[in-house]
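To start, the structure itself, in structure tokens.
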Amino acid sequence: MSVTKDDIIDFLYDEARMLDEGRYDDWLALWLKDGHYWMPLDYKQTDPLNVTSLMYEDIFMLKVRVERLNGARTFSQKPKSRCHHVLQRPWVDEIDLESGRIRTTTQMHYIETRLDEQMLLALTAQHDLALIDGRLRIANKRVDILNCDAAFGNIQLLP
């Protein structure tokens with residue numbers, strides 16, 4: 001099966017909408033079992049394993065995060081945090097279906113709010129996608145925060 005640039009771009013918009021609407025289980029179903037969500041600590045960081053990151057989560061840790069966000073007894077999330085993604089039109093940087101490699105870059109503003117606090121982050125997300133059984137899936141996602149060297153409060157949700 002073939003995939004078009006429009007299919008890929010629609011997939012990225014759908015992912016952001018799932019997060020904005022709090023459909024974390026649907027979002028988790030987009031991931032491959034060996035995928036990683038990476039948020040580097042430093043600008044132009046290249047190593048997620050031997051250098052400290054803001055976040056480097058495999059599917060197990062993403063499931064734990066989703067369970068916490070969905071949990072009725074998660075008192076730190078009463079009321080629950082909410083988010084909004086404002087995406088620029090994503091760039092499809094590479095489509096190589098023979099090797100199974102699809103790479104995208106999306107710049108966005110991410111807003112997260114809870115009670116009287118609101119946080120705005122400017123960031124760039126890079127997705128490595130795979131076409132599995134005719135469906136796009138997230139193999140890896142890297143989120144670079146523009147001012148990554150600033151002090152941050154808790155980022156509860158997922159930019």
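Going by the structure tokens order, chains are called A, B, ..., each with residues numbered from 1, while ligands are numbered from 1 in the order shown.
The environment of A:Leu54 within 6 Å, counting only C-alpha atoms and disregarding residues fewer than 2 places along the same chain, consists of A:Met39, A:Pro40, A:Leu41.
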Restrict the selected residues to all heavy atoms and save them as a PDB file, in the first residue's frame.
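The resulting file, selection.pdb, is reproduced below:
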ATOM      1  N   MET A  39      12.429  14.086  24.554  1.00  0.00           N
ATOM      2  CA  MET A  39      12.475  15.532  24.680  1.00  0.00           C
ATOM      3  C   MET A  39      13.861  15.892  25.226  1.00  0.00           C
ATOM      4  O   MET A  39      14.120  15.770  26.428  1.00  0.00           O
ATOM      5  CB  MET A  39      11.371  16.023  25.621  1.00  0.00           C
ATOM      6  CG  MET A  39      11.197  17.524  25.622  1.00  0.00           C
ATOM      7  SD  MET A  39       9.887  18.053  26.753  1.00  0.00           S
ATOM      8  CE  MET A  39       8.445  17.368  25.974  1.00  0.00           C
ATOM      9  N   PRO A  40      14.783  16.306  24.336  1.00  0.00           N
ATOM     10  CA  PRO A  40      16.149  16.618  24.775  1.00  0.00           C
ATOM     11  C   PRO A  40      16.186  17.792  25.752  1.00  0.00           C
ATOM     12  O   PRO A  40      15.330  18.673  25.730  1.00  0.00           O
ATOM     13  CB  PRO A  40      16.868  16.996  23.477  1.00  0.00           C
ATOM     14  CG  PRO A  40      16.038  16.417  22.381  1.00  0.00           C
ATOM     15  CD  PRO A  40      14.630  16.433  22.886  1.00  0.00           C
ATOM     16  N   LEU A  41      17.204  17.786  26.591  1.00  0.00           N
ATOM     17  CA  LEU A  41      17.425  18.871  27.536  1.00  0.00           C
ATOM     18  C   LEU A  41      18.217  20.004  26.888  1.00  0.00           C
ATOM     19  O   LEU A  41      18.008  21.172  27.197  1.00  0.00           O
ATOM     20  CB  LEU A  41      18.165  18.349  28.770  1.00  0.00           C
ATOM     21  CG  LEU A  41      18.540  19.367  29.838  1.00  0.00           C
ATOM     22  CD1 LEU A  41      17.287  19.991  30.440  1.00  0.00           C
ATOM     23  CD2 LEU A  41      19.376  18.708  30.922  1.00  0.00           C
TER      24      LEU A  41
END
Fill in: A:Leu131 surroundings by only C-alpha atoms, 8 Å radius, close-in-sequence under 4 positions cut, as a PyMOL selection string
chain A and resi 97+100+135-137
Write the selection just made, keeping all heavy atoms, as a PDB file, in the first residue's frame?
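result39.pdb written:
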ATOM      1  N   LEU A  97       9.508   4.048   1.349  1.00  0.00           N
ATOM      2  CA  LEU A  97       8.699   2.893   1.746  1.00  0.00           C
ATOM      3  C   LEU A  97       9.463   1.587   1.640  1.00  0.00           C
ATOM      4  O   LEU A  97       9.130   0.620   2.324  1.00  0.00           O
ATOM      5  CB  LEU A  97       7.409   2.853   0.930  1.00  0.00           C
ATOM      6  CG  LEU A  97       6.457   4.039   1.167  1.00  0.00           C
ATOM      7  CD1 LEU A  97       5.212   3.902   0.313  1.00  0.00           C
ATOM      8  CD2 LEU A  97       6.096   4.163   2.635  1.00  0.00           C
ATOM      9  N   GLY A 100      11.094   1.533   4.775  1.00  0.00           N
ATOM     10  CA  GLY A 100      10.101   1.743   5.819  1.00  0.00           C
ATOM     11  C   GLY A 100      10.290   3.041   6.577  1.00  0.00           C
ATOM     12  O   GLY A 100       9.760   3.225   7.668  1.00  0.00           O
ATOM     13  N   ARG A 135      -1.348   0.997   7.880  1.00  0.00           N
ATOM     14  CA  ARG A 135      -1.601   2.096   8.829  1.00  0.00           C
ATOM     15  C   ARG A 135      -0.293   2.774   9.210  1.00  0.00           C
ATOM     16  O   ARG A 135       0.704   2.098   9.447  1.00  0.00           O
ATOM     17  CB  ARG A 135      -2.258   1.555  10.105  1.00  0.00           C
ATOM     18  CG  ARG A 135      -3.668   1.072   9.918  1.00  0.00           C
ATOM     19  CD  ARG A 135      -4.299   0.623  11.234  1.00  0.00           C
ATOM     20  NE  ARG A 135      -4.123   1.596  12.301  1.00  0.00           N
ATOM     21  CZ  ARG A 135      -3.815   1.288  13.569  1.00  0.00           C
ATOM     22  NH1 ARG A 135      -3.648   0.028  13.923  1.00  0.00           N
ATOM     23  NH2 ARG A 135      -3.681   2.225  14.479  1.00  0.00           N
ATOM     24  N   LEU A 136      -0.334   4.084   9.305  1.00  0.00           N
ATOM     25  CA  LEU A 136       0.826   4.808   9.805  1.00  0.00           C
ATOM     26  C   LEU A 136       0.936   4.611  11.311  1.00  0.00           C
ATOM     27  O   LEU A 136      -0.070   4.611  12.019  1.00  0.00           O
ATOM     28  CB  LEU A 136       0.708   6.299   9.478  1.00  0.00           C
ATOM     29  CG  LEU A 136       0.965   6.668   8.026  1.00  0.00           C
ATOM     30  CD1 LEU A 136       0.534   8.106   7.751  1.00  0.00           C
ATOM     31  CD2 LEU A 136       2.438   6.476   7.673  1.00  0.00           C
ATOM     32  N   ARG A 137       2.155   4.429  11.782  1.00  0.00           N
ATOM     33  CA  ARG A 137       2.434   4.244  13.216  1.00  0.00           C
ATOM     34  C   ARG A 137       3.653   5.092  13.579  1.00  0.00           C
ATOM     35  O   ARG A 137       4.516   5.344  12.732  1.00  0.00           O
ATOM     36  CB  ARG A 137       2.729   2.778  13.525  1.00  0.00           C
ATOM     37  CG  ARG A 137       1.657   1.785  13.088  1.00  0.00           C
ATOM     38  CD  ARG A 137       0.424   1.779  13.956  1.00  0.00           C
ATOM     39  NE  ARG A 137       0.683   1.389  15.324  1.00  0.00           N
ATOM     40  CZ  ARG A 137       0.807   0.143  15.755  1.00  0.00           C
ATOM     41  NH1 ARG A 137       0.679  -0.866  14.902  1.00  0.00           N
ATOM     42  NH2 ARG A 137       1.046  -0.110  17.027  1.00  0.00           N
TER      43      ARG A 137
END
Fill in: Which of stretch 48-159 of chain A DSSP labels alpha helix (DSSP H), written as a list in words
Ile59, Phe60, Met61, Leu62, Lys63, Val64, Arg65, Val66, Glu67, Arg68, Leu69 and Asn70 of chain A
Practice prompt. Please provide as an MDAnalysis selection string all residues within 12 Å of A:Cys148, with the sequence filter that same-chain residues fewer than 4 positions apart are discarded (counting only C-alpha atoms).
Written response: chainID A and resid 39:45 53:55 121:124 143:144 152
Practice prompt. Quick one: everything within 8 Å of stretch 111-119 of chain A, counting only C-alpha atoms, minus sequence neighbours fewer than 2 positions away in the same chain. Send it as a ChimeraX atom specification.
Written response: /A:79-85,109,121,155,157
Those residues you just picked out, can you put them in a file as a short mmCIF file (atom, residue, chain, number, x, y, z; two decimals), in the first residue's frame with C-alpha atoms?
data_model
loop_
_atom_site.label_atom_id
_atom_site.label_comp_id
_atom_site.auth_asym_id
_atom_site.auth_seq_id
_atom_site.Cartn_x
_atom_site.Cartn_y
_atom_site.Cartn_z
CA PRO A 79 -8.72 19.29 37.91
CA LYS A 80 -7.04 17.69 34.92
CA SER A 81 -4.49 19.56 32.83
CA ARG A 82 -5.59 20.51 29.34
CA CYS A 83 -3.54 21.27 26.25
CA HIS A 84 -3.78 22.81 22.81
CA HIS A 85 -1.42 22.28 19.88
CA HIS A 109 3.11 26.24 19.74
CA LEU A 121 6.14 26.40 24.57
CA ILE A 155 5.08 19.39 31.83
CA LEU A 157 0.89 16.22 29.15
#
